[in-house]
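Taking it in order: structure first as structure tokens, then the write-up.
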Amino acid sequence: MEATWVEVCAASALVDGGLAVKLPVLHAGVAATAFFVRFEGRAHGYLNRCPHMGAELDWEGSVYTRAGDLLMCARHGATFQPDTGVCVGGPCRSSMLHKLDVFEEVRSNVRMVVWRPSGKTLPAVS
Ligand code: FES
């Protein structure tokens with residue numbers, strides 16, 4: 001069964017080039033995490049799994065390069081376009097992160113980042 005949406009965090013929690021917000025998920029039935037970031041003003045979400053070796057990208061929530069213009073895997077340095085998830089450098093060049101359907105809207109007077117789960121990536125049930 002697919003959930004209709006998940007409130008990830010307040011929109012103000014995601015800052016361009018800042019730390020990611022992470023959530024536990026199930027991907028194809030296996031425990032994993034997803035991460036959510038802001039880039040050029042828009043929220044984006046990805047399965048936290050590098051296409052190179054399947055490791056989580058982040059280091060304690062940090063996923064951006066120092067310049068804040070690319071996402072970077074903390075393991076072997078693959079870099080990704082923050083808005084598309086396309087790998088633009090490193091060992092898995094031209095592969096892609098698994099992008100999640102993310103939008104923002106005001107709920108109960110607070111602007112929220114919302115994830116609409118679909119396909120193989122679903123919220124972990126606590
Ligand atoms: S696991 Fe991400 S670059 Fe190797």
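Following the order of the structure tokens, first chain is A, next is B, and so on, with residues numbered from 1 inside each chain and ligands from 1 in the order they appear.
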
Task: Within 12 Å of ligand 1 (only C-alpha atoms and all ligand atoms), residues as a ChimeraX atom specification - done: /A:48-59,63,71-80,87-93,95-97

Could you dump the residues just selected with C-alpha atoms as a short mmCIF file (atom, residue, chain, number, x, y, z; two decimals), in the first residue's frame?
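This is the output file result.cif:
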```cif
data_model
loop_
_atom_site.label_atom_id
_atom_site.label_comp_id
_atom_site.auth_asym_id
_atom_site.auth_seq_id
_atom_site.Cartn_x
_atom_site.Cartn_y
_atom_site.Cartn_z
CA ASN A 48 20.10 8.18 0.28
CA ARG A 49 21.93 5.58 -1.78
CA CYS A 50 24.88 6.33 -4.01
CA PRO A 51 24.71 4.58 -7.42
CA HIS A 52 28.44 3.80 -7.16
CA MET A 53 28.43 1.27 -4.33
CA GLY A 54 25.08 1.77 -2.66
CA ALA A 55 26.42 3.63 0.37
CA GLU A 56 24.60 6.52 2.00
CA LEU A 57 25.80 9.79 0.53
CA ASP A 58 25.78 11.99 3.57
CA TRP A 59 28.17 12.51 6.41
CA VAL A 63 25.57 16.30 1.36
CA LEU A 71 25.66 17.09 -3.91
CA MET A 72 28.67 14.93 -3.07
CA CYS A 73 28.94 11.38 -1.81
CA ALA A 74 31.05 11.29 1.33
CA ARG A 75 32.51 7.88 0.43
CA HIS A 76 34.36 8.35 -2.87
CA GLY A 77 33.39 11.85 -3.92
CA ALA A 78 30.85 11.31 -6.70
CA THR A 79 29.04 14.58 -7.41
CA PHE A 80 25.42 15.07 -8.45
CA CYS A 87 25.98 12.21 -11.46
CA VAL A 88 28.33 14.74 -13.04
CA GLY A 89 31.64 13.56 -11.61
CA GLY A 90 33.35 10.64 -9.94
CA PRO A 91 33.11 6.88 -10.27
CA CYS A 92 29.42 6.64 -11.26
CA ARG A 93 29.34 9.48 -13.79
CA SER A 95 24.14 7.47 -13.38
CA MET A 96 21.43 9.01 -11.21
CA LEU A 97 20.21 9.25 -7.67
#
```

TODO: Per DSSP on the backbone, filter chain A down to the residues in strand (DSSP E or B) and report them as a PyMOL selection string.
DONE: chain A and resi 6-10+16+21-27+30-39+42-47+59+62+64+71-72+79-80+86-89+96+99-100+102-107+110-115+118+121-123

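Closest approach to Ser62 in chain A from the set A:Asn109, A:Val8, A:Gly18, A:Pro123 is made by A:Gly18, with distances taken over only C-alpha atoms.
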
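Interatomic distance, CA of Asp83 in chain A against CA of Val113 in chain A: 15.2 Å.
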
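Minimum distance to Gly61 in chain A across A:Thr121, A:Ser108, A:Ser12, A:Thr33 (counting only C-alpha atoms) occurs at A:Thr33.
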
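Comparing A:Ala124, A:Ala11, A:Leu47, A:Val21 by their smallest distance to Leu100 in chain A, the closest is A:Leu47 (using only C-alpha atoms).
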
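When CA of Leu19 in chain A is paired with CA of Glu105 in chain A, their separation reads 20.7 Å.
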
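Among A:Leu14, A:Lys99, A:Thr4, A:Gly119, the residue with the shortest atom-to-atom distance to Arg38 in chain A, counting only C-alpha atoms, is A:Leu14.
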
Open item on the list: Measuring between only C-alpha atoms, which one of A:Gly29, A:Pro117, A:Gly17, A:Pro82 shows the shortest distance to Phe103 in chain A?
Closed with: A:Pro117
